[in-house]
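Student: One file is attached below, start-v9.pdb, containing PDB, C-alpha atoms and all ligand atoms.
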```pdb
ATOM      1  CA  MET T   1     -46.524  13.795  51.081
ATOM      2  CA  ARG T   2     -45.389  15.705  54.128
ATOM      3  CA  LEU T   3     -43.105  14.852  56.975
ATOM      4  CA  ALA T   4     -44.478  14.956  60.477
ATOM      5  CA  ARG T   5     -42.552  15.269  63.714
ATOM      6  CA  LEU T   6     -44.604  14.548  66.794
ATOM      7  CA  ARG T   7     -43.750  16.679  69.789
ATOM      8  CA  ASN T   8     -40.454  15.865  71.515
ATOM      9  CA  LYS T   9     -39.823  12.919  69.241
ATOM     10  CA  THR T  10     -36.923  12.338  66.897
ATOM     11  CA  THR T  11     -38.860  10.162  64.473
ATOM     12  CA  LEU T  12     -39.852  11.829  61.221
ATOM     13  CA  HIS T  13     -43.078  10.248  60.030
ATOM     14  CA  VAL T  14     -44.710  10.661  56.649
ATOM     15  CA  THR T  15     -48.283  11.634  56.004
ATOM     16  CA  GLY T  16     -50.346  11.884  52.866
ATOM     17  CA  ASP T  17     -53.464  13.474  54.378
ATOM     18  CA  GLY T  18     -52.035  15.348  57.364
ATOM     19  CA  ILE T  19     -54.357  13.393  59.657
ATOM     20  CA  ARG T  20     -52.538  10.138  60.178
ATOM     21  CA  THR T  21     -48.949   9.127  59.670
ATOM     22  CA  GLY T  22     -48.183   6.328  57.264
ATOM     23  CA  CYS T  23     -47.651   4.106  60.276
ATOM     24  CA  GLY T  24     -51.115   4.886  61.569
ATOM     25  CA  VAL T  25     -50.602   7.484  64.310
ATOM     26  CA  LEU T  26     -53.150  10.304  64.576
ATOM     27  CA  ILE T  27     -51.242  13.544  64.127
ATOM     28  CA  PRO T  28     -51.884  15.908  67.066
ATOM     29  CA  ASP T  29     -52.073  19.713  66.779
ATOM     30  CA  THR T  30     -48.711  19.949  68.490
ATOM     31  CA  ALA T  31     -46.963  18.105  65.655
ATOM     32  CA  THR T  32     -44.741  19.901  63.155
ATOM     33  CA  LEU T  33     -45.537  19.308  59.510
ATOM     34  CA  THR T  34     -43.282  20.162  56.592
ATOM     35  CA  HIS T  35     -44.323  21.434  53.198
ATOM     36  CA  PRO T  36     -45.289  18.738  50.722
ATOM     37  CA  THR T  37     -42.253  16.990  49.286
ATOM     38  CA  ASP T  38     -41.738  14.291  46.705
ATOM     39  CA  GLU T  39     -38.537  13.322  48.410
ATOM     40  CA  TRP T  40     -40.137  12.258  51.680
ATOM     41  CA  TYR T  41     -38.290   8.936  51.485
ATOM     42  CA  LEU T  42     -34.946  10.695  51.811
ATOM     43  CA  HIS T  43     -35.962  12.316  55.064
ATOM     44  CA  THR T  44     -38.206   9.959  56.993
ATOM     45  CA  ASN T  45     -36.644   7.601  59.481
ATOM     46  CA  CYS T  46     -39.822   5.789  60.431
ATOM     47  CA  TYR T  47     -39.532   2.263  59.154
ATOM     48  CA  ASN T  48     -43.246   1.571  59.439
ATOM     49  CA  CYS T  49     -44.151   4.696  57.482
ATOM     50  CA  ALA T  50     -41.649   3.867  54.758
ATOM     51  CA  TYR T  51     -42.563   0.221  54.616
ATOM     52  CA  ARG T  52     -46.295   0.882  54.336
ATOM     53  CA  LEU T  53     -46.094   3.798  51.904
ATOM     54  CA  TRP T  54     -43.451   2.280  49.654
ATOM     55  CA  PRO T  55     -45.653   0.094  47.451
ATOM     56  CA  GLU T  56     -47.798   3.058  46.386
ATOM     57  CA  HIS T  57     -45.588   6.084  46.872
ATOM     58  CA  GLY T  58     -42.041   4.757  46.968
ATOM     59  CA  PRO T  59     -39.539   5.789  44.308
ATOM     60  CA  ALA T  60     -38.832   3.122  41.719
ATOM     61  CA  ASP T  61     -35.079   3.663  41.803
ATOM     62  CA  TYR T  62     -34.613   3.251  45.561
ATOM     63  CA  LEU T  63     -34.805   0.178  47.738
ATOM     64  CA  CYS T  64     -37.423   0.074  50.459
ATOM     65  CA  PRO T  65     -35.482   0.039  53.747
ATOM     66  CA  HIS T  66     -35.150  -3.417  55.266
ATOM     67  CA  ASN T  67     -35.255  -2.293  58.885
ATOM     68  CA  GLY T  68     -35.162   0.764  61.124
ATOM     69  CA  LYS T  69     -31.424   1.220  60.601
ATOM     70  CA  ASP T  70     -31.567   1.055  56.829
ATOM     71  CA  PHE T  71     -31.999   4.832  56.404
ATOM     72  CA  PRO T  72     -31.673   6.843  54.270
ATOM     73  CA  PRO T  73     -32.745   4.321  51.631
ATOM     74  CA  ARG T  74     -30.169   3.082  49.175
ATOM     75  CA  ARG T  75     -30.412   3.514  45.447
ATOM     76  CA  LYS T  76     -31.026   0.496  43.259
ATOM     77  CA  CYS T  77     -28.500  -0.241  40.555
ATOM     78  CA  ALA T  78     -29.351   0.105  36.870
ATOM     79  CA  HIS T  79     -30.399  -3.556  36.950
ATOM     80  CA  GLY T  80     -33.033  -3.060  39.615
ATOM     81  CA  PHE T  81     -31.089  -4.629  42.497
ATOM     82  CA  ASP T  82     -29.264  -3.653  45.596
ATOM     83  CA  PRO T  83     -25.831  -2.840  44.102
ATOM     84  CA  GLN T  84     -24.195  -5.022  46.779
ATOM     85  CA  GLY T  85     -26.198  -8.007  45.628
ATOM     86  CA  CYS T  86     -25.921  -7.324  41.895
ATOM     87  CA  SER T  87     -23.357  -9.474  40.154
ATOM     88  CA  VAL T  88     -22.868  -6.831  37.445
ATOM     89  CA  CYS T  89     -22.346  -3.840  39.753
ATOM     90  CA  THR T  90     -20.424  -5.812  42.361
ATOM     91  CA  PRO T  91     -18.827  -8.703  40.488
ATOM     92  CA  PRO T  92     -17.356 -11.434  42.641
ATOM     93  CA  LYS T  93     -13.616 -10.969  43.058
ATOM     94  CA  PRO T  94     -11.372 -13.549  41.455
ATOM     95  CA  THR T  95      -9.512 -15.630  44.032
ATOM     96  CA  ASN T  96      -5.840 -16.547  43.694
ATOM     97  CA  TRP T  97      -5.495 -13.881  41.062
ATOM     98  CA  PRO T  98      -3.241 -13.298  39.179
ATOM     99  CA  CYS T  99      -3.178 -17.024  38.712
ATOM    100  CA  PRO T 100      -0.061 -18.815  39.963
ATOM    101  CA  ASN T 101      -0.773 -21.507  37.375
ATOM    102  CA  GLY T 102      -0.887 -19.120  34.443
ATOM    103  CA  CYS T 103      -4.619 -18.823  33.673
ATOM    104  CA  ILE T 104      -5.282 -15.787  31.520
ATOM    105  CA  ASP T 105      -9.020 -15.239  32.091
ATOM    106  CA  PRO T 106     -10.074 -13.969  35.547
ATOM    107  CA  VAL T 107     -13.450 -15.692  35.115
ATOM    108  CA  ASP T 108     -11.597 -18.951  35.704
ATOM    109  CA  HIS T 109     -10.863 -17.684  39.204
ATOM    110  CA  ILE T 110     -14.253 -16.245  40.133
ATOM    111  CA  PRO T 111     -15.876 -18.478  42.742
ATOM    112  CA  GLY T 112     -18.446 -20.517  40.879
ATOM    113  CA  GLY T 113     -17.643 -18.531  37.725
ATOM    114  CA  ARG T 114     -17.463 -21.629  35.580
ATOM    115  CA  GLY T 115     -20.104 -23.433  37.577
ATOM    116  CA  GLY T 116     -17.692 -25.554  39.608
ATOM    117  CA  TYR T 117     -17.010 -25.638  43.327
ATOM    118  CA  VAL T 118     -17.124 -22.160  44.804
ATOM    119  CA  TRP T 119     -13.706 -22.673  46.401
ATOM    120  CA  ALA T 120     -11.973 -24.070  43.325
ATOM    121  CA  THR T 121     -10.517 -22.218  40.370
ATOM    122  CA  ALA T 122     -10.812 -23.609  36.862
ATOM    123  CA  CYS T 123      -7.159 -24.668  37.032
ATOM    124  CA  THR T 124      -7.559 -26.559  40.310
ATOM    125  CA  VAL T 125      -6.211 -30.087  39.939
ATOM    126  CA  PHE T 126      -8.384 -32.925  41.237
ATOM    127  CA  PRO T 127      -6.137 -35.966  41.365
ATOM    128  CA  PRO T 128      -7.614 -39.420  40.699
ATOM    129  CA  SER T 129      -8.866 -41.039  43.886
ATOM    130  CA  ARG T 130      -7.692 -44.408  45.164
ATOM    131  CA  PRO T 131      -9.562 -47.623  44.434
ATOM    132  CA  LEU T 132     -11.941 -48.546  47.255
ATOM    133  CA  THR T 133     -12.905 -51.872  48.830
ATOM    134  CA  ASP T 134     -16.169 -53.610  47.944
ATOM    135  CA  GLN T 135     -17.714 -51.707  50.849
ATOM    136  CA  ASP T 136     -16.596 -48.407  49.329
ATOM    137  CA  GLU T 137     -14.046 -47.918  52.071
ATOM    138  CA  CYS T 138     -10.460 -46.805  51.832
ATOM    139  CA  VAL T 139      -7.953 -49.648  51.722
ATOM    140  CA  GLY T 140      -5.572 -47.839  54.044
ATOM    141  CA  ALA T 141      -6.058 -44.762  56.151
ATOM    142  CA  CYS T 142      -8.454 -42.111  54.955
ATOM    143  CA  GLU T 143      -6.973 -38.931  53.575
ATOM    144  CA  PRO T 144      -8.676 -35.603  54.287
ATOM    145  CA  TYR T 145      -9.733 -33.638  51.252
ATOM    146  CA  ASP T 146      -7.585 -30.628  52.058
ATOM    147  CA  GLN T 147      -4.380 -32.700  52.314
ATOM    148  CA  VAL T 148      -4.920 -34.208  48.903
ATOM    149  CA  MET T 149      -5.871 -30.883  47.359
ATOM    150  CA  LYS T 150      -2.967 -28.984  48.878
ATOM    151  CA  ARG T 151      -0.529 -31.589  47.629
ATOM    152  CA  ALA T 152      -1.980 -31.408  44.119
ATOM    153  CA  ASN T 153      -2.291 -27.594  44.118
ATOM    154  CA  PRO T 154       0.664 -26.269  46.084
ATOM    155  CA  LYS T 155       0.320 -22.739  44.726
ATOM    156  CA  LEU T 156      -3.415 -22.247  45.281
ATOM    157  CA  ARG T 157      -5.071 -21.143  48.485
ATOM    158  CA  LEU T 158      -8.260 -23.203  48.518
ATOM    159  CA  ASP T 159     -10.849 -21.809  50.852
ATOM    160  CA  MET T 160     -13.065 -24.857  51.320
ATOM    161  CA  SER T 161     -15.441 -25.346  54.220
ATOM    162  CA  ASP T 162     -14.364 -27.233  57.341
ATOM    163  CA  SER T 163     -16.583 -30.156  56.501
ATOM    164  CA  THR T 164     -15.207 -30.392  52.964
ATOM    165  CA  GLU T 165     -11.643 -30.206  54.282
ATOM    166  CA  ALA T 166     -12.264 -33.036  56.712
ATOM    167  CA  THR T 167     -14.005 -35.337  54.256
ATOM    168  CA  CYS T 168     -11.926 -38.222  52.955
ATOM    169  CA  TYR T 169     -10.993 -37.448  49.381
ATOM    170  CA  HIS T 170     -11.351 -41.050  48.332
ATOM    171  CA  CYS T 171     -14.254 -42.626  50.182
ATOM    172  CA  GLY T 172     -16.143 -39.507  51.241
ATOM    173  CA  ARG T 173     -16.242 -40.383  54.963
ATOM    174  CA  ASP T 174     -15.821 -37.696  57.556
ATOM    175  CA  THR T 175     -12.289 -38.144  58.855
ATOM    176  CA  ARG T 176     -13.034 -36.197  62.031
ATOM    177  CA  PHE T 177     -14.894 -39.166  63.468
ATOM    178  CA  PRO T 178     -13.335 -42.622  63.996
ATOM    179  CA  ARG T 179     -14.363 -45.053  61.306
ATOM    180  CA  ASP T 180     -15.324 -47.918  63.586
ATOM    181  CA  GLY T 181     -16.295 -45.848  66.548
ATOM    182  CA  TRP T 182     -19.268 -47.946  67.481
TER     183      TRP T 182
HETATM  184 ZN    ZN L 201     -44.297   6.640  61.130
HETATM  185 ZN    ZN L 202     -26.476  -3.740  38.884
HETATM  186 ZN    ZN L 203      -5.705 -20.449  37.302
HETATM  187 ZN    ZN L 204     -11.442 -42.751  53.111
END
```
Written as structure tokens, how would this file's structure read?
Ligand SMILES: [Zn+2]
Ligand SMILES: [Zn+2]
Ligand SMILES: [Zn+2]
Ligand SMILES: [Zn+2]

Tutor:
Amino acid sequence: MRLARLRNKTTLHVTGDGIRTGCGVLIPDTATLTHPTDEWYLHTNCYNCAYRLWPEHGPADYLCPHNGKDFPPRRKCAHGFDPQGCSVCTPPKPTNWPCPNGCIDPVDHIPGGRGGYVWATACTVFPPSRPLTDQDECVGACEPYDQVMKRANPKLRLDMSDSTEATCYHCGRDTRFPRDGW
């Protein structure tokens, strides 16, 4: 493979045969061609060349660029992934760690680490909810999820979504909208 720079252009294309670039452009006489190199992928910045040549000529230990800005290509991790997306190379950070409640295993504080809610640690307390009416409604006023959880877990910072926060802990209705609004 050789790199090809067409006249007055900043794009470095790749060519296998010296006739056309990987992205399909006929290479004119005025183009500059490099010596053959196995490391073409480290030098090209033509997304279409890289993308089209990758399946056959791409290096197994690098990721094919995702777009025109994803150059030079990034190395895969030892597990075959983008290191950023690999849970071994980039493990999720424990939240609320060290634990204010005295947990001793950080896994208990990794979001989803024990398969629970992504915003809850293993030591998060879920208090019993109130009995509901026959219509599954709260007897008194609804109580937003985050109020109940903050009261039960004063030392934890629980990063739940807005819609979870606003949901009634007991009956599951959205407390942001009036109950009998229609
Ligand atoms: Zn190209
Ligand atoms: Zn990895
Ligand atoms: Zn804990
Ligand atoms: Zn309610």

Student: T:Cys46, T:Ser129, T:Asp17, T:Ala60: which is nearest ligand ZN 201 (chain L), counting all atoms listed in the file?

Tutor: T:Cys46

Student: So which residues are near ligand ZN 203 (chain L), meaning at most 9 Å away with only C-alpha atoms and all ligand atoms counted, given back as number ranges by chain?

Tutor: T: 96-106, 108-109, 121-124, 156

Student: Report, in Å with one decimal, the straight-line distance from CA of Ile19 (chain T) to CA of Gly68 (chain T).

Tutor: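 For CA of Ile19 (chain T) relative to CA of Gly68 (chain T), the distance reads 23.0 Å.
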
Student: So, with only C-alpha atoms and all ligand atoms as the atoms that count, which of T:Cys77, T:Val25, T:Ala4, T:Leu33 lies closest to ligand ZN 202 (chain L)?

Tutor: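 Distance minimum relative to ligand ZN 202 (chain L) lands on T:Cys77.
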
Student: Which residues come within 10 Å of Gln147 (chain T), counting all atoms listed in the file, excluding same-chain residues fewer than 6 positions away, as a PDB file with C-alpha atoms, in the coordinates of the input?

Tutor:
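Output (result.pdb):
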```
ATOM      1  CA  ASN T 153      -2.291 -27.594  44.118  1.00  0.00           C
ATOM      2  CA  GLU T 165     -11.643 -30.206  54.282  1.00  0.00           C
ATOM      3  CA  ALA T 166     -12.264 -33.036  56.712  1.00  0.00           C
ATOM      4  CA  CYS T 168     -11.926 -38.222  52.955  1.00  0.00           C
ATOM      5  CA  TYR T 169     -10.993 -37.448  49.381  1.00  0.00           C
TER       6      TYR T 169
END
```

Student: Taking only C-alpha atoms into account, name the residue in T:Pro83, T:Asn67, T:Ser161, T:Cys142 that is nearest to Arg173 (chain T).

Tutor: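 Among the listed residues, T:Cys142 lies closest to Arg173 (chain T).
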
Student: Tell me which of T:Met1, T:Phe81, T:Val88, T:Asp159 sits closest to Asp61 (chain T), counting only C-alpha atoms.

Tutor: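 Under the stated criterion, the closest residue is T:Phe81.
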